[in-house]
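query13.csv follows; it contains CSV, C-alpha atoms and all ligand atoms.
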```csv
chain,number,residue,atom,x,y,z
A,1,MET,CA,1.2,-22.7,-10.6
A,2,ASP,CA,4.9,-23.6,-11.3
A,3,MET,CA,6.9,-23.8,-8.0
A,4,ASN,CA,9.5,-21.5,-9.6
A,5,THR,CA,7.0,-18.7,-10.1
A,6,GLU,CA,7.4,-15.9,-7.5
A,7,VAL,CA,4.4,-15.2,-5.3
A,8,ALA,CA,3.4,-11.6,-4.6
A,9,LEU,CA,0.7,-10.8,-2.0
A,10,VAL,CA,-1.2,-7.5,-2.3
A,11,THR,CA,-3.5,-6.2,0.4
A,12,GLY,CA,-6.4,-3.9,-0.4
A,13,ALA,CA,-6.5,-5.6,-3.8
A,14,GLY,CA,-10.1,-5.2,-4.6
A,15,GLN,CA,-9.9,-1.8,-6.1
A,16,GLY,CA,-7.9,1.4,-6.7
A,17,ILE,CA,-4.1,1.3,-6.3
A,18,GLY,CA,-4.2,-2.3,-5.0
A,19,LEU,CA,-6.0,-3.6,-8.1
A,20,ALA,CA,-3.7,-1.7,-10.5
A,21,THR,CA,-0.7,-3.2,-8.6
A,22,VAL,CA,-2.2,-6.7,-9.0
A,23,ARG,CA,-2.5,-6.2,-12.8
A,24,ARG,CA,1.1,-4.8,-13.0
A,25,LEU,CA,2.6,-7.7,-11.0
A,26,LEU,CA,0.8,-10.2,-13.1
A,27,GLU,CA,2.3,-8.6,-16.2
A,28,ASP,CA,5.7,-8.9,-14.5
A,29,GLY,CA,5.2,-12.7,-14.1
A,30,PHE,CA,4.2,-13.1,-10.5
A,31,HIS,CA,1.4,-15.4,-9.1
A,32,VAL,CA,-0.6,-12.8,-7.2
A,33,VAL,CA,-2.5,-13.4,-3.9
A,34,MET,CA,-5.2,-10.7,-3.6
A,35,ILE,CA,-6.4,-9.8,-0.1
A,36,ASP,CA,-9.2,-7.4,0.8
A,37,ARG,CA,-11.6,-6.9,3.7
A,38,LYS,CA,-14.5,-6.3,1.3
A,39,SER,CA,-15.5,-9.6,-0.2
A,40,GLU,CA,-17.7,-8.5,-3.1
A,41,PRO,CA,-15.4,-6.2,-5.0
A,42,LEU,CA,-12.5,-8.5,-4.3
A,43,THR,CA,-14.3,-11.6,-5.7
A,44,ALA,CA,-15.5,-9.7,-8.8
A,45,ALA,CA,-12.1,-8.3,-9.5
A,46,ALA,CA,-10.4,-11.7,-9.1
A,47,ALA,CA,-13.1,-13.4,-11.3
A,48,ALA,CA,-12.5,-10.8,-14.1
A,49,LEU,CA,-8.7,-11.5,-13.9
A,50,GLU,CA,-9.2,-15.3,-13.9
A,51,ALA,CA,-11.4,-14.9,-17.0
A,52,GLU,CA,-8.4,-13.3,-18.7
A,53,GLY,CA,-6.3,-16.3,-17.7
A,54,ALA,CA,-4.4,-14.6,-14.9
A,55,SER,CA,-2.6,-16.5,-12.2
A,56,VAL,CA,-4.4,-15.1,-9.1
A,57,GLU,CA,-6.2,-16.2,-6.0
A,58,HIS,CA,-8.2,-14.1,-3.5
A,59,HIS,CA,-8.9,-14.2,0.2
A,60,ALA,CA,-11.4,-11.9,2.0
A,61,LEU,CA,-9.9,-11.0,5.4
A,62,SER,CA,-8.9,-8.0,7.4
A,63,ILE,CA,-5.2,-7.3,7.8
A,64,THR,CA,-5.9,-6.6,11.5
A,65,ASP,CA,-6.9,-10.2,12.0
A,66,ARG,CA,-3.6,-11.9,12.9
A,67,ALA,CA,-5.0,-15.4,13.0
A,68,ALA,CA,-6.5,-15.1,9.5
A,69,VAL,CA,-3.3,-13.6,8.1
A,70,ALA,CA,-1.2,-16.3,9.7
A,71,ALA,CA,-3.4,-19.1,8.4
A,72,LEU,CA,-3.3,-17.6,4.9
A,73,MET,CA,0.5,-17.3,4.9
A,74,ALA,CA,0.9,-20.9,6.2
A,75,GLY,CA,-1.2,-22.1,3.2
A,76,LEU,CA,0.9,-20.4,0.5
A,77,PRO,CA,3.6,-22.4,-1.3
A,78,ARG,CA,6.0,-19.5,-1.1
A,79,VAL,CA,6.0,-15.7,-0.4
A,80,ASP,CA,8.4,-13.5,-2.3
A,81,VAL,CA,6.8,-10.0,-2.4
A,82,VAL,CA,4.3,-8.3,-0.1
A,83,VAL,CA,2.6,-5.1,-1.0
A,84,ASN,CA,1.0,-3.5,2.1
A,85,ASN,CA,-1.5,-1.3,0.3
A,86,ALA,CA,-4.7,-1.6,2.4
A,87,ALA,CA,-5.6,1.4,4.5
A,88,VAL,CA,-8.4,3.6,5.6
A,89,PHE,CA,-8.7,7.4,5.1
A,90,TRP,CA,-10.8,10.3,6.2
A,91,ASP,CA,-10.1,13.9,6.7
A,92,GLY,CA,-10.4,15.4,10.2
A,93,LYS,CA,-9.1,18.6,11.7
A,94,PHE,CA,-6.9,18.2,14.8
A,95,ASN,CA,-9.6,19.5,17.3
A,96,GLU,CA,-12.3,17.5,15.7
A,97,THR,CA,-10.4,14.2,15.7
A,98,GLY,CA,-11.8,11.8,18.4
A,99,GLU,CA,-9.5,9.4,20.1
A,100,ASP,CA,-11.6,6.5,18.7
A,101,ASP,CA,-11.0,7.7,15.1
A,102,PHE,CA,-7.3,8.2,15.8
A,103,ARG,CA,-7.0,4.6,17.2
A,104,LYS,CA,-9.1,3.1,14.3
A,105,MET,CA,-6.9,4.6,11.7
A,106,TYR,CA,-3.7,3.5,13.5
A,107,GLU,CA,-5.1,0.0,14.0
A,108,VAL,CA,-5.5,-0.6,10.2
A,109,ASN,CA,-2.8,1.6,8.6
A,110,VAL,CA,0.0,0.8,11.0
A,111,ILE,CA,-0.8,-2.3,13.1
A,112,GLY,CA,-2.4,-4.1,10.2
A,113,THR,CA,0.7,-3.4,8.1
A,114,PHE,CA,2.9,-4.6,10.9
A,115,ILE,CA,0.8,-7.9,11.3
A,116,VAL,CA,1.1,-8.7,7.6
A,117,MET,CA,4.8,-7.9,7.6
A,118,GLN,CA,5.5,-10.1,10.6
A,119,GLU,CA,3.5,-13.1,9.3
A,120,ALA,CA,5.0,-12.8,5.8
A,121,VAL,CA,8.6,-12.7,6.9
A,122,LYS,CA,8.1,-16.1,8.6
A,123,ARG,CA,7.7,-17.5,5.1
A,124,MET,CA,10.5,-15.5,3.4
A,125,ASN,CA,13.1,-18.1,4.0
A,126,ARG,CA,15.0,-17.2,0.8
A,127,GLY,CA,14.7,-13.4,1.2
A,128,GLY,CA,12.0,-11.2,-0.1
A,129,ARG,CA,10.8,-7.7,-0.9
A,130,ILE,CA,8.2,-5.8,1.1
A,131,ILE,CA,6.7,-2.6,-0.2
A,132,ASN,CA,4.5,-0.5,2.1
A,133,VAL,CA,2.2,2.1,0.6
A,134,ALA,CA,2.5,5.2,2.7
A,135,SER,CA,1.4,8.7,1.5
A,136,ARG,CA,2.9,12.1,0.9
A,137,ALA,CA,0.7,13.0,3.8
A,138,TYR,CA,3.4,11.6,6.2
A,139,LEU,CA,5.1,15.0,5.7
A,140,ALA,CA,2.1,16.9,6.9
A,141,GLY,CA,-1.3,17.7,5.6
A,142,TYR,CA,-4.4,19.9,6.3
A,143,ALA,CA,-6.9,18.0,8.4
A,144,HIS,CA,-4.6,15.0,8.4
A,145,ALA,CA,-3.8,14.7,12.2
A,146,ALA,CA,-4.8,11.0,12.2
A,147,TYR,CA,-4.1,10.0,8.6
A,148,GLY,CA,-0.7,11.8,8.3
A,149,THR,CA,0.4,10.3,11.7
A,150,SER,CA,-0.6,6.8,10.6
A,151,LYS,CA,1.4,7.2,7.4
A,152,ALA,CA,4.4,8.6,9.3
A,153,GLY,CA,4.1,5.4,11.3
A,154,VAL,CA,4.3,3.4,8.1
A,155,ILE,CA,7.5,5.2,7.1
A,156,GLY,CA,9.0,4.5,10.5
A,157,LEU,CA,8.0,0.9,10.3
A,158,THR,CA,9.5,0.6,6.8
A,159,ARG,CA,12.9,2.2,7.7
A,160,SER,CA,13.4,0.4,11.1
A,161,SER,CA,12.3,-3.0,9.9
A,162,ALA,CA,14.6,-2.5,6.8
A,163,ILE,CA,17.5,-2.5,9.1
A,164,ASP,CA,16.4,-5.5,11.1
A,165,LEU,CA,15.5,-7.6,8.1
A,166,ALA,CA,18.5,-6.8,5.9
A,167,GLU,CA,20.5,-9.7,7.3
A,168,ARG,CA,17.8,-12.1,6.1
A,169,GLY,CA,17.9,-10.7,2.6
A,170,ILE,CA,14.5,-9.0,3.0
A,171,LEU,CA,14.3,-5.6,1.4
A,172,VAL,CA,11.7,-3.2,2.8
A,173,ASN,CA,10.8,0.0,0.9
A,174,ALA,CA,7.8,2.3,0.6
A,175,VAL,CA,6.0,4.4,-1.9
A,176,ALA,CA,4.5,7.7,-0.9
A,177,PRO,CA,1.7,8.6,-3.3
A,178,GLY,CA,0.3,12.1,-3.7
A,179,LEU,CA,-3.2,12.5,-5.2
A,180,VAL,CA,-4.4,9.5,-7.0
A,181,GLU,CA,-7.8,9.1,-8.8
A,182,THR,CA,-9.4,6.3,-6.7
A,183,ASP,CA,-12.5,6.1,-4.4
A,184,MET,CA,-10.3,7.4,-1.6
A,185,PHE,CA,-9.6,10.6,-3.5
A,186,ARG,CA,-13.2,10.8,-4.7
A,187,SER,CA,-14.4,10.8,-1.1
A,188,LEU,CA,-13.2,14.4,-0.9
A,189,THR,CA,-15.6,17.2,-1.9
A,190,PRO,CA,-15.1,18.4,-5.6
A,191,ASP,CA,-13.9,21.8,-4.3
A,192,ARG,CA,-11.3,20.2,-2.1
A,193,GLN,CA,-10.2,17.9,-5.0
A,194,GLN,CA,-9.6,20.9,-7.3
A,195,GLU,CA,-7.8,22.8,-4.5
A,196,LEU,CA,-5.4,19.9,-4.0
A,197,ILE,CA,-4.8,19.3,-7.7
A,198,ALA,CA,-3.9,23.0,-8.1
A,199,LYS,CA,-1.2,22.6,-5.5
A,200,GLN,CA,0.7,20.0,-7.5
A,201,PRO,CA,3.5,21.4,-9.7
A,202,THR,CA,2.4,19.0,-12.5
A,203,LYS,CA,-1.3,20.1,-12.0
A,204,ALA,CA,-2.1,16.5,-12.7
A,205,LEU,CA,-4.0,13.9,-10.8
A,206,GLY,CA,-2.0,10.6,-10.5
A,207,GLN,CA,-3.5,7.4,-11.8
A,208,PRO,CA,-3.4,4.0,-9.9
A,209,GLU,CA,-1.1,2.7,-12.6
A,210,ASP,CA,1.5,5.4,-11.8
A,211,ILE,CA,1.8,4.1,-8.2
A,212,ALA,CA,1.8,0.5,-9.4
A,213,ASN,CA,4.8,1.3,-11.6
A,214,GLY,CA,6.8,2.5,-8.5
A,215,ILE,CA,5.7,-0.5,-6.5
A,216,ALA,CA,6.8,-2.8,-9.4
A,217,PHE,CA,10.3,-1.3,-9.3
A,218,PHE,CA,10.8,-2.4,-5.7
A,219,ALA,CA,9.0,-5.7,-6.3
A,220,ASN,CA,11.3,-6.6,-9.2
A,221,PRO,CA,13.9,-9.3,-8.3
A,222,ARG,CA,16.5,-7.3,-10.3
A,223,THR,CA,16.1,-4.4,-7.8
A,224,ARG,CA,18.8,-5.4,-5.3
A,225,ASN,CA,20.6,-3.6,-2.5
A,226,VAL,CA,17.9,-1.0,-2.1
A,227,THR,CA,16.2,-0.9,1.3
A,228,GLY,CA,14.6,1.5,3.7
A,229,GLN,CA,13.8,4.0,0.8
A,230,ILE,CA,10.8,6.1,0.2
A,231,MET,CA,9.8,6.7,-3.4
A,232,THR,CA,7.5,9.8,-3.5
A,233,LEU,CA,5.1,9.8,-6.4
A,234,ASP,CA,3.2,13.0,-5.9
A,235,GLY,CA,3.5,15.3,-9.0
A,236,GLY,CA,6.3,17.1,-7.3
A,237,ARG,CA,4.3,18.5,-4.4
A,238,SER,CA,6.7,17.3,-1.7
A,239,MET,CA,9.3,19.7,-3.2
A,240,GLY,CA,7.4,22.6,-1.6
A,241,ILE,CA,4.7,24.6,-3.4
A,242,SER,CA,6.3,28.0,-2.4
A,243,LEU,CA,8.9,27.2,-5.2
A,244,TYR,CA,6.2,27.8,-7.9
B,301,LIG,N1,-5.9,7.7,-3.5
B,301,LIG,C1,-5.0,8.6,-3.0
B,301,LIG,O1,-5.0,9.8,-3.4
B,301,LIG,C2,-3.9,8.1,-2.1
B,301,LIG,C3,-2.9,9.1,-1.8
B,301,LIG,C4,-1.9,8.7,-1.0
B,301,LIG,C5,-1.8,7.4,-0.5
B,301,LIG,N2,-2.8,6.5,-0.8
B,301,LIG,C6,-2.6,5.2,-0.2
B,301,LIG,O2,-2.7,4.2,-1.2
B,301,LIG,C7,-3.3,3.0,-0.7
B,301,LIG,C8,-4.5,2.6,-1.6
B,301,LIG,O3,-5.4,3.7,-1.7
B,301,LIG,P1,-6.6,3.7,-2.7
B,301,LIG,O4,-6.8,5.1,-3.0
B,301,LIG,O5,-6.5,2.7,-3.7
B,301,LIG,O6,-7.8,3.3,-1.6
B,301,LIG,P2,-9.2,2.6,-1.8
B,301,LIG,O7,-10.0,3.1,-0.6
B,301,LIG,O8,-9.8,2.8,-3.1
B,301,LIG,O9,-8.8,1.1,-1.6
B,301,LIG,C9,-8.3,0.6,-0.3
B,301,LIG,C10,-8.6,-0.8,-0.2
B,301,LIG,O10,-8.2,-1.3,1.0
B,301,LIG,C11,-9.2,-2.2,1.6
B,301,LIG,N3,-9.0,-2.2,3.1
B,301,LIG,C12,-9.3,-1.2,3.9
B,301,LIG,N4,-9.1,-1.7,5.2
B,301,LIG,C13,-8.7,-3.0,5.1
B,301,LIG,C14,-8.4,-4.0,6.0
B,301,LIG,N5,-8.4,-3.8,7.3
B,301,LIG,N6,-8.0,-5.2,5.6
B,301,LIG,C15,-8.0,-5.5,4.3
B,301,LIG,N7,-8.3,-4.6,3.3
B,301,LIG,C16,-8.7,-3.4,3.7
B,301,LIG,C17,-10.5,-1.6,1.2
B,301,LIG,O11,-11.5,-2.5,1.3
B,301,LIG,C18,-10.1,-1.1,-0.3
B,301,LIG,O12,-10.4,-2.1,-1.2
B,301,LIG,C19,-3.7,3.3,0.7
B,301,LIG,O13,-2.6,2.9,1.6
B,301,LIG,C20,-3.8,4.8,0.8
B,301,LIG,O14,-3.6,5.4,2.0
B,301,LIG,C21,-3.8,6.9,-1.6
```

Translate the structure described by the file into structure tokens.
Ligand SMILES: NC(=O)c1ccc[n+]([C@@H]2O[C@H](COP(=O)([O-])OP(=O)(O)OC[C@H]3O[C@@H](n4cnc5c(N)ncnc54)[C@H](O)[C@@H]3O)[C@@H](O)[C@H]2O)c1
Amino acid sequence: MDMNTEVALVTGAGQGIGLATVRRLLEDGFHVVMIDRKSEPLTAAAAALEAEGASVEHHALSITDRAAVAALMAGLPRVDVVVNNAAVFWDGKFNETGEDDFRKMYEVNVIGTFIVMQEAVKRMNRGGRIINVASRAYLAGYAHAAYGTSKAGVIGLTRSSAIDLAERGILVNAVAPGLVETDMFRSLTPDRQQELIAKQPTKALGQPEDIANGIAFFANPRTRNVTGQIMTLDGGRSMGISLY
């Protein structure tokens, strides 16, 4: 790897939106560091990319493991972009959400994101760009007491850290996807999937590449002077369905 090549780190890179983001950032000229908790799909995805000649490396670890995240960051030649995409999801009505479930979701989606951000900024000596993957669910959602709250936490973390990190030349932004065709979406029942698609003004299911495109905008070194912003990529649903 040429030392002038910018390095982008993507969490949850083994599949779905994370993997589409890896592909897009490779097209945009980054060396990409792929991270995922699940070793097998991560290794297979990285091997397929390497076979195509892509400049990637992969590390199986959980974003909640600070020591592992710190060791990884310390070993990288530079860190320019971090995409905090890894998260867990399950539906659960408010009354049926146990405290353990609530803590578990917060542990990965918010604290894991916080850990990766904090360890990455130690290496961002010449500035950098952080993109957090939230969800339209931060606004509210049926049976989303835990998930929606965790994603509201990601938005709060994005906006507050954007203020603190601006003086170091680090831009922090977020994307808030709506429905996207990945395993996370496929974990819903077919009826629920159709019900949700019908609520989107576009009546279309987003693709991982649509979200990667928004992430690539914030990751691009030509995107300057933009921080603390949320790009909502949700087929227009956040405008309010009562309008239609
Ligand atoms: N798919 C959707 O409809 C949708 C909608 C809104 C937001 N999102 C958000 O987009 C992001 C990606 O979602 P996706 O649909 O591609 O999900 P996915 O479940 O297909 O992929 C998530 C990846 O994150 C990894 N991961 C989970 N916990 C981890 C941890 N502790 N450490 C490291 N890796 C971990 C998983 O192993 C998996 O590979 C998530 O932040 C999700 O909340 C998705």

### Task
Can you tell me which residues come within 8 Å of ligand LIG 301 (chain B) when counting all atoms listed in the file, ideally as a PyMOL selection string?
chain A and resi 11-19+35-38+41-42+60-64+84-89+108-109+112+132-137+151+176-185+206+208

### Message
Calculated over all atoms listed in the file, which of the candidates A:Val69, A:Glu96, A:Thr232, A:Val116 has the smallest distance to Tyr138 in chain A?
### Response
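When distances to Tyr138 in chain A are compared using all atoms listed in the file, the smallest one comes from A:Thr232.
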
### Query
Skipping near chain neighbours, those fewer than 3 positions away, what residues fall within 8 Å of Glu119 in chain A using all atoms listed in the file, listed as a list in words?
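The residues satisfying every condition are Val69, Ala70, Met73, Ile115, Val116, Lys122 and Arg123 of chain A.
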
Convert the current residue selection to file output with C-alpha atoms, as a CSV table (one decimal), keeping the file's coordinate frame.
```csv
chain,number,residue,atom,x,y,z
A,69,VAL,CA,-3.3,-13.6,8.1
A,70,ALA,CA,-1.2,-16.3,9.7
A,73,MET,CA,0.5,-17.3,4.9
A,115,ILE,CA,0.8,-7.9,11.3
A,116,VAL,CA,1.1,-8.7,7.6
A,122,LYS,CA,8.1,-16.1,8.6
A,123,ARG,CA,7.7,-17.5,5.1
```

### Summary
Across A:Leu9, A:Leu72, A:Leu196, A:Ala51, the smallest distance to Met34 in chain A, with all atoms listed in the file counted, is shown by A:Leu9

#### Entry: Within 7 Å of range 142-150 of chain A using all atoms listed in the file, minus same-chain residues under 2 positions, as a PyMOL selection string
chain A and resi 89+91-94+102+105-106+109-110+137-138+140+152-154

### Task
Please determine the residues with any atom at most 8 Å from (13.0, -1.1, 7.4) (coordinates as given in the file, with all atoms listed in the file counting) and report them as a PyMOL selection string.
chain A and resi 156-165+171-173+227-228

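Between CA of Lys199 in chain A and CA of Gly240 in chain A the separation is 9.4 Å.
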
### Pick from A:Thr113, A:Ser55, A:Thr223, A:Thr43, whichever lies nearest to Val7 in chain A using all atoms listed in the file
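Between A:Thr113, A:Ser55, A:Thr223, A:Thr43, the residue approaching Val7 in chain A most closely is A:Ser55.
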
### Message
Could you tell me how far CA of Glu107 in chain A sits from CA of Asn213 in chain A, in Å to one decimal place?
### Response
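About the pair CA of Asn213 in chain A and CA of Glu107 in chain A: they are 27.5 Å apart.
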
### Query
Any idea what the distance is between CA of Val82 in chain A and CA of Asp100 in chain A?
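That distance, rounded to one decimal, is 28.7 Å.
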
### Task
Find the residues around Ala219 in chain A up to 9 Å (only C-alpha atoms counted), leave out those fewer than 5 positions away in its own chain, and share them as a PyMOL selection string.
chain A and resi 8+25+80-83+128-131+214
